[in-house]
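**Student:** Data: run.csv, CSV, C-alpha atoms.
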chain,number,residue,atom,x,y,z
A,2,ASP,CA,157.9,86.4,71.3
A,3,GLY,CA,154.4,87.3,70.0
A,4,GLY,CA,153.7,90.7,68.7
A,5,ILE,CA,152.9,93.0,65.9
A,6,THR,CA,155.6,93.9,63.3
A,7,GLN,CA,155.2,97.0,61.2
A,8,SER,CA,157.4,97.8,58.3
A,9,PRO,CA,159.1,99.9,57.2
A,10,LYS,CA,159.8,102.1,60.1
A,11,TYR,CA,160.2,105.2,57.9
A,12,LEU,CA,158.7,105.6,54.4
A,13,PHE,CA,159.0,108.5,52.0
A,14,ARG,CA,156.3,109.0,49.3
A,15,LYS,CA,156.5,111.2,46.2
A,16,GLU,CA,153.5,113.1,45.1
A,17,GLY,CA,151.0,110.9,43.2
A,18,GLN,CA,152.5,107.7,44.4
A,19,ASN,CA,150.8,104.8,46.1
A,20,VAL,CA,152.6,103.2,49.0
A,21,THR,CA,151.9,100.1,51.2
A,22,LEU,CA,152.5,99.8,54.9
A,23,SER,CA,153.0,96.3,56.2
A,24,CYS,CA,151.4,94.9,59.4
A,25,GLU,CA,152.0,91.3,60.5
A,26,GLN,CA,150.9,89.7,63.8
A,27,ASN,CA,151.7,86.3,65.3
A,28,LEU,CA,149.4,86.7,68.3
A,29,ASN,CA,146.5,84.7,66.6
A,30,HIS,CA,144.3,87.8,67.1
A,31,ASP,CA,141.1,88.0,65.1
A,32,ALA,CA,140.7,91.8,64.9
A,33,MET,CA,143.2,94.2,63.4
A,34,TYR,CA,143.1,98.0,63.1
A,35,TRP,CA,144.9,100.8,61.4
A,36,TYR,CA,145.2,104.2,63.1
A,37,ARG,CA,146.7,107.5,62.0
A,38,GLN,CA,148.4,109.7,64.6
A,39,ASP,CA,149.0,113.4,64.1
A,40,PRO,CA,150.4,115.8,66.7
A,41,GLY,CA,147.7,117.0,69.1
A,42,GLN,CA,145.0,114.9,67.5
A,43,GLY,CA,145.3,111.5,69.2
A,44,LEU,CA,144.6,108.4,67.2
A,45,ARG,CA,142.1,108.3,64.4
A,46,LEU,CA,140.7,105.1,63.0
A,47,ILE,CA,141.3,104.4,59.3
A,48,TYR,CA,140.1,100.8,58.8
A,49,TYR,CA,139.5,97.7,60.8
A,50,SER,CA,139.0,94.0,60.2
A,51,GLN,CA,137.3,91.5,62.3
A,52,ILE,CA,137.8,88.4,60.2
A,53,VAL,CA,139.7,87.4,57.1
A,54,ASN,CA,138.4,88.8,53.8
A,55,ASP,CA,136.3,91.4,55.6
A,56,PHE,CA,137.0,94.9,56.7
A,57,GLN,CA,135.2,98.1,57.6
A,58,LYS,CA,135.9,101.8,57.1
A,59,GLY,CA,136.8,103.9,60.1
A,60,ASP,CA,136.5,107.6,60.6
A,61,ILE,CA,139.1,108.7,58.0
A,62,ALA,CA,139.1,106.0,55.4
A,63,GLU,CA,139.2,108.3,52.3
A,64,GLY,CA,142.4,107.9,50.4
A,65,TYR,CA,143.3,104.6,52.0
A,66,SER,CA,142.7,101.0,51.2
A,67,VAL,CA,143.3,97.7,53.0
A,68,SER,CA,143.1,93.9,52.5
A,69,ARG,CA,142.9,91.0,54.9
A,70,GLU,CA,143.8,87.9,52.9
A,71,LYS,CA,145.4,86.2,55.9
A,72,LYS,CA,144.6,86.3,59.6
A,73,GLU,CA,148.2,87.4,60.3
A,74,SER,CA,148.4,90.3,57.8
A,75,PHE,CA,146.6,93.6,57.4
A,76,PRO,CA,148.4,95.8,54.9
A,77,LEU,CA,147.4,99.5,54.4
A,78,THR,CA,147.8,101.3,51.1
A,79,VAL,CA,148.0,105.0,51.1
A,80,THR,CA,146.8,106.1,47.7
A,81,SER,CA,147.5,109.3,45.7
A,82,ALA,CA,143.9,110.3,46.7
A,83,GLN,CA,145.1,110.9,50.2
A,84,LYS,CA,146.2,114.6,50.0
A,85,ASN,CA,147.9,114.9,53.4
A,86,PRO,CA,149.4,111.5,54.1
A,87,THR,CA,152.4,112.7,56.3
A,88,ALA,CA,151.7,111.1,59.7
A,89,PHE,CA,152.6,108.3,62.0
A,90,TYR,CA,150.6,105.1,61.2
A,91,LEU,CA,149.9,102.5,63.9
A,92,CYS,CA,148.6,99.0,63.5
A,93,ALA,CA,146.9,97.2,66.4
A,94,SER,CA,145.1,94.0,67.1
A,95,THR,CA,142.8,92.4,69.7
A,96,PRO,CA,142.1,88.7,70.4
A,97,VAL,CA,138.4,88.8,69.6
A,98,ARG,CA,136.4,89.9,66.7
A,99,THR,CA,134.4,92.3,68.7
A,100,GLY,CA,137.3,94.4,69.8
A,101,GLY,CA,135.4,96.6,72.2
A,102,GLY,CA,136.2,95.8,75.8
A,103,TYR,CA,139.7,94.5,75.2
A,104,GLY,CA,143.1,96.1,75.3
A,105,TYR,CA,144.9,96.6,72.1
A,106,THR,CA,148.4,95.4,71.2
A,107,PHE,CA,150.1,98.0,69.0
A,108,GLY,CA,153.0,97.8,66.6
A,109,SER,CA,155.9,100.2,66.7
A,110,GLY,CA,154.5,102.3,63.8
A,111,THR,CA,155.5,103.6,60.4
A,112,ARG,CA,156.3,107.2,59.9
A,113,LEU,CA,155.3,108.3,56.4
A,114,THR,CA,156.6,111.5,54.9
A,115,VAL,CA,155.6,113.1,51.6
A,116,VAL,CA,158.6,114.5,49.7
B,10,GLN,CA,128.5,110.5,71.4
B,11,GLN,CA,131.7,108.7,70.5
B,12,GLN,CA,134.0,111.4,71.7
B,13,VAL,CA,136.4,111.2,74.6
B,14,LYS,CA,137.7,114.5,75.8
B,15,GLN,CA,141.1,114.6,77.5
B,16,SER,CA,142.9,117.3,79.4
B,17,PRO,CA,145.4,118.8,79.8
B,18,GLN,CA,147.2,118.7,76.5
B,19,SER,CA,150.5,118.9,78.2
B,20,LEU,CA,151.6,118.6,81.8
B,21,ILE,CA,154.9,119.4,83.6
B,22,VAL,CA,155.5,117.8,87.0
B,23,GLN,CA,158.5,117.8,89.3
B,24,LYS,CA,160.1,114.4,90.2
B,25,GLY,CA,158.2,112.9,93.1
B,26,GLY,CA,155.0,114.9,92.4
B,27,ILE,CA,151.6,113.6,91.4
B,28,SER,CA,150.5,113.7,87.7
B,29,ILE,CA,146.8,113.9,87.1
B,30,ILE,CA,145.2,113.5,83.6
B,31,ASN,CA,141.4,113.8,83.1
B,32,CYS,CA,139.0,112.4,80.6
B,33,ALA,CA,135.3,112.8,80.0
B,34,TYR,CA,132.9,110.9,77.8
B,35,GLU,CA,129.3,111.3,76.6
B,36,ASN,CA,128.2,107.8,75.6
B,37,THR,CA,126.8,106.0,78.7
B,38,ALA,CA,127.2,102.7,76.8
B,39,PHE,CA,131.0,102.8,77.2
B,40,ASP,CA,132.0,100.1,79.7
B,41,TYR,CA,135.8,99.7,79.3
B,42,PHE,CA,138.2,102.5,79.9
B,43,PRO,CA,141.9,101.8,79.3
B,44,TRP,CA,144.9,104.2,79.5
B,45,TYR,CA,147.8,103.9,77.1
B,46,GLN,CA,151.4,105.1,77.5
B,47,GLN,CA,153.4,106.1,74.4
B,48,PHE,CA,157.1,106.9,74.2
B,49,PRO,CA,158.4,108.9,71.1
B,50,GLY,CA,158.6,106.8,68.0
B,51,LYS,CA,156.9,103.8,69.6
B,52,GLY,CA,153.4,102.4,69.6
B,53,PRO,CA,151.1,102.9,72.6
B,54,ALA,CA,151.2,100.3,75.3
B,55,LEU,CA,148.3,99.4,77.6
B,56,LEU,CA,149.0,100.8,81.1
B,57,ILE,CA,145.9,100.1,83.1
B,58,ALA,CA,142.2,99.7,82.5
B,59,ILE,CA,139.0,100.0,84.5
B,60,ARG,CA,135.4,98.9,84.1
B,61,PRO,CA,132.5,101.0,85.6
B,62,ASP,CA,131.6,98.5,88.3
B,63,VAL,CA,134.5,99.9,90.4
B,64,SER,CA,135.4,103.5,91.3
B,65,GLU,CA,139.1,103.0,91.5
B,66,LYS,CA,141.9,100.7,90.3
B,67,LYS,CA,145.5,100.8,91.4
B,68,GLU,CA,148.5,99.2,89.9
B,69,GLY,CA,151.8,100.3,91.4
B,70,ARG,CA,152.1,104.0,91.1
B,71,PHE,CA,149.3,104.3,88.6
B,72,THR,CA,145.6,104.7,89.7
B,73,ILE,CA,142.5,105.2,87.7
B,74,SER,CA,139.6,107.0,89.4
B,75,PHE,CA,136.2,106.5,87.8
B,76,ASN,CA,133.1,108.7,88.4
B,77,LYS,CA,130.2,107.1,86.6
B,78,SER,CA,127.6,109.8,87.4
B,79,ALA,CA,129.9,112.5,86.1
B,80,LYS,CA,131.0,110.4,83.1
B,81,GLN,CA,134.6,111.2,84.0
B,82,PHE,CA,137.7,109.1,84.7
B,83,SER,CA,141.3,110.1,85.5
B,84,LEU,CA,144.8,108.7,85.7
B,85,HIS,CA,146.9,109.5,88.7
B,86,ILE,CA,150.6,108.9,88.7
B,87,MET,CA,152.1,109.0,92.2
B,88,ASP,CA,155.7,109.7,92.8
B,89,SER,CA,156.2,110.7,89.2
B,90,GLN,CA,159.6,109.9,87.7
B,91,PRO,CA,161.5,111.2,84.7
B,92,GLY,CA,161.0,107.8,83.1
B,93,ASP,CA,157.3,108.4,83.2
B,94,SER,CA,157.7,111.2,80.6
B,95,ALA,CA,155.6,110.1,77.7
B,96,THR,CA,152.3,110.8,76.0
B,97,TYR,CA,149.3,109.3,77.7
B,98,PHE,CA,146.0,108.5,76.0
B,99,CYS,CA,142.7,107.6,77.6
B,100,ALA,CA,140.2,105.5,75.6
B,101,ALA,CA,136.7,104.0,75.9
B,102,SER,CA,134.8,101.2,74.2
B,103,ILE,CA,131.7,99.0,74.5
B,104,THR,CA,132.3,95.4,75.4
B,105,GLY,CA,131.1,93.0,72.7
B,106,SER,CA,130.6,95.7,70.1
B,107,ALA,CA,132.4,95.6,66.8
B,108,ARG,CA,133.2,99.3,67.3
B,109,GLN,CA,136.8,99.7,68.4
B,110,LEU,CA,138.3,102.0,71.0
B,111,THR,CA,137.7,105.7,70.9
B,112,PHE,CA,140.8,107.6,72.0
B,113,GLY,CA,141.3,110.9,73.7
B,114,SER,CA,143.6,113.5,72.1
B,115,GLY,CA,146.6,112.7,74.4
B,116,THR,CA,148.5,114.4,77.2
B,117,GLN,CA,152.3,114.9,76.9
B,118,LEU,CA,153.7,114.5,80.4
B,119,THR,CA,157.2,115.8,81.3
B,120,VAL,CA,158.6,114.9,84.6
B,121,LEU,CA,161.5,117.2,85.6
B,122,PRO,CA,164.5,115.7,87.5
Would you kindly transcribe this structure into structure tokens?
**Tutor:**
Amino acid sequence: DGGITQSPKYLFRKEGQNVTLSCEQNLNHDAMYWYRQDPGQGLRLIYYSQIVNDFQKGDIAEGYSVSREKKESFPLTVTSAQKNPTAFYLCASTPVRTGGGYGYTFGSGTRLTVV
Amino acid sequence: QQQVKQSPQSLIVQKGGISIINCAYENTAFDYFPWYQQFPGKGPALLIAIRPDVSEKKEGRFTISFNKSAKQFSLHIMDSQPGDSATYFCAASITGSARQLTFGSGTQLTVLP
């Protein structure tokens, strides 16, 4: 079955530590996205990528980094510069590069907690 | 211009009742309006979507009503069931743009048995 796989499901980060969240899709979708979800704030865009080796900042990119070396993969690194990283992180994809106008397929999310 | 405002933040409905969630937008270039349903600990799933060339779209118990002049759209859940208890997000985007979906802040729906 096609879909988006996010791992790990739960992740704990110590202060000053970088962590990487995995997102893999087998849908052959061009565009991929990372969202952060906090209670009562909906989904906020962190980064998005329309094609391999290219990505754009979203609304809250500070303290995060991404790469898109393969079409199937779009990992997100939460760096030590992100001062409040505790949140639920969602990866999504759409079949076309210009994602506007199409529904998203979401992964099941990674819950990151700072300890 | 990119905001989508959603209300109410939470909603409690009796089983069999009608659940209504409202969204409003400012950017008149938006032309795709989906609704997503999210259960705890899961990613959102596309529920139903509408484009502004129609005023209403129905899929089973779920209906989107769209008012282009008022720049508002709403989700109606008829005969609400306890299994409908979830968080619902409205969203909007512009077809063909690189810009991705803009989401509302979400509505937590509880349907009482």
**Student:** Quote the spacing between CA of Thr87 in chain A and CA of Ser8 in chain A in Å to one decimal place.
**Tutor:**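 Taking CA of Thr87 in chain A as the start and CA of Ser8 in chain A as the end point, the length is 15.8 Å.
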**Student:** Could you list the residues in chain A lying within 12 Å of chain B, using only C-alpha atoms, and format the result as a ChimeraX atom specification?
**Tutor:** /A:4-7,10-11,31-52,56-60,88-95,97-112
**Student:** In Å to one decimal, how far is CA of Phe71 in chain B from CA of Ile59 in chain B?
**Tutor:**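 Atom-to-atom, CA of Ile59 in chain B and CA of Phe71 in chain B are spaced 11.9 Å apart.
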**Student:** What's the separation between CA of Leu20 in chain B and CA of Leu118 in chain B, in Å to one decimal place?
**Tutor:** 4.8 Å
**Student:** Tell me which of B:Arg70, B:Leu121, B:Val13, B:Glu65 sits closest to Tyr34 in chain B, counting all atoms listed in the file.
**Tutor:**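 Nearest to Tyr34 in chain B: B:Val13.
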**Student:** If we count all atoms listed in the file, what is near Val22 in chain B at a cut-off of 12 Å, once residues fewer than 2 positions away on the same chain are taken out, given as a PDB file with C-alpha atoms, in the coordinates of the input?
**Tutor:**
ATOM      1  CA  SER B  19     150.500 118.900  78.200  1.00  0.00           C
ATOM      2  CA  LEU B  20     151.600 118.600  81.800  1.00  0.00           C
ATOM      3  CA  LYS B  24     160.100 114.400  90.200  1.00  0.00           C
ATOM      4  CA  GLY B  25     158.200 112.900  93.100  1.00  0.00           C
ATOM      5  CA  GLY B  26     155.000 114.900  92.400  1.00  0.00           C
ATOM      6  CA  ILE B  27     151.600 113.600  91.400  1.00  0.00           C
ATOM      7  CA  SER B  28     150.500 113.700  87.700  1.00  0.00           C
ATOM      8  CA  ILE B  29     146.800 113.900  87.100  1.00  0.00           C
ATOM      9  CA  ILE B  30     145.200 113.500  83.600  1.00  0.00           C
ATOM     10  CA  ILE B  86     150.600 108.900  88.700  1.00  0.00           C
ATOM     11  CA  MET B  87     152.100 109.000  92.200  1.00  0.00           C
ATOM     12  CA  ASP B  88     155.700 109.700  92.800  1.00  0.00           C
ATOM     13  CA  SER B  89     156.200 110.700  89.200  1.00  0.00           C
ATOM     14  CA  GLN B  90     159.600 109.900  87.700  1.00  0.00           C
ATOM     15  CA  PRO B  91     161.500 111.200  84.700  1.00  0.00           C
ATOM     16  CA  ASP B  93     157.300 108.400  83.200  1.00  0.00           C
ATOM     17  CA  SER B  94     157.700 111.200  80.600  1.00  0.00           C
ATOM     18  CA  GLN B 117     152.300 114.900  76.900  1.00  0.00           C
ATOM     19  CA  LEU B 118     153.700 114.500  80.400  1.00  0.00           C
ATOM     20  CA  THR B 119     157.200 115.800  81.300  1.00  0.00           C
ATOM     21  CA  VAL B 120     158.600 114.900  84.600  1.00  0.00           C
ATOM     22  CA  LEU B 121     161.500 117.200  85.600  1.00  0.00           C
ATOM     23  CA  PRO B 122     164.500 115.700  87.500  1.00  0.00           C
TER      24      PRO B 122
END
**Student:** Identify, on the basis of only C-alpha atoms, every residue whose closest approach to range 18-20 of chain A does not exceed 7 Å; exclude the query and any residue fewer than 3 positions from it along the same chain; express the result as a list in words.
**Tutor:**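 In the requested format, the answer is Arg14, Lys15, Thr78, Val79, Thr80 and Ser81 of chain A.
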**Student:** As a PDB file with C-alpha atoms, in the frame of the given file, please: the residues near Ser83 in chain B (cut-off 6 Å, all atoms listed in the file, same-chain neighbours under 2 positions excluded).
**Tutor:**
ATOM      1  CA  ILE B  30     145.200 113.500  83.600  1.00  0.00           C
ATOM      2  CA  ASN B  31     141.400 113.800  83.100  1.00  0.00           C
ATOM      3  CA  CYS B  32     139.000 112.400  80.600  1.00  0.00           C
ATOM      4  CA  ILE B  73     142.500 105.200  87.700  1.00  0.00           C
ATOM      5  CA  SER B  74     139.600 107.000  89.400  1.00  0.00           C
TER       6      SER B  74
END
**Student:** Give me, as a list in words, all polymer residues having an atom no more than 7 Å from Val67 in chain A, counting only C-alpha atoms and skipping those fewer than 2 positions away in the same chain.
**Tutor:** Tyr65, Arg69, Phe75, Pro76, Leu77 and Thr78 of chain A
**Student:** Write a file of the selected residues as a compact mmCIF listing (two decimals), in the frame of the given file, keeping C-alpha atoms.
**Tutor:**
# COMPACT_ATOMS: atom_id res chain seq x y z
CA TYR A 65 143.30 104.60 52.00
CA ARG A 69 142.90 91.00 54.90
CA PHE A 75 146.60 93.60 57.40
CA PRO A 76 148.40 95.80 54.90
CA LEU A 77 147.40 99.50 54.40
CA THR A 78 147.80 101.30 51.10
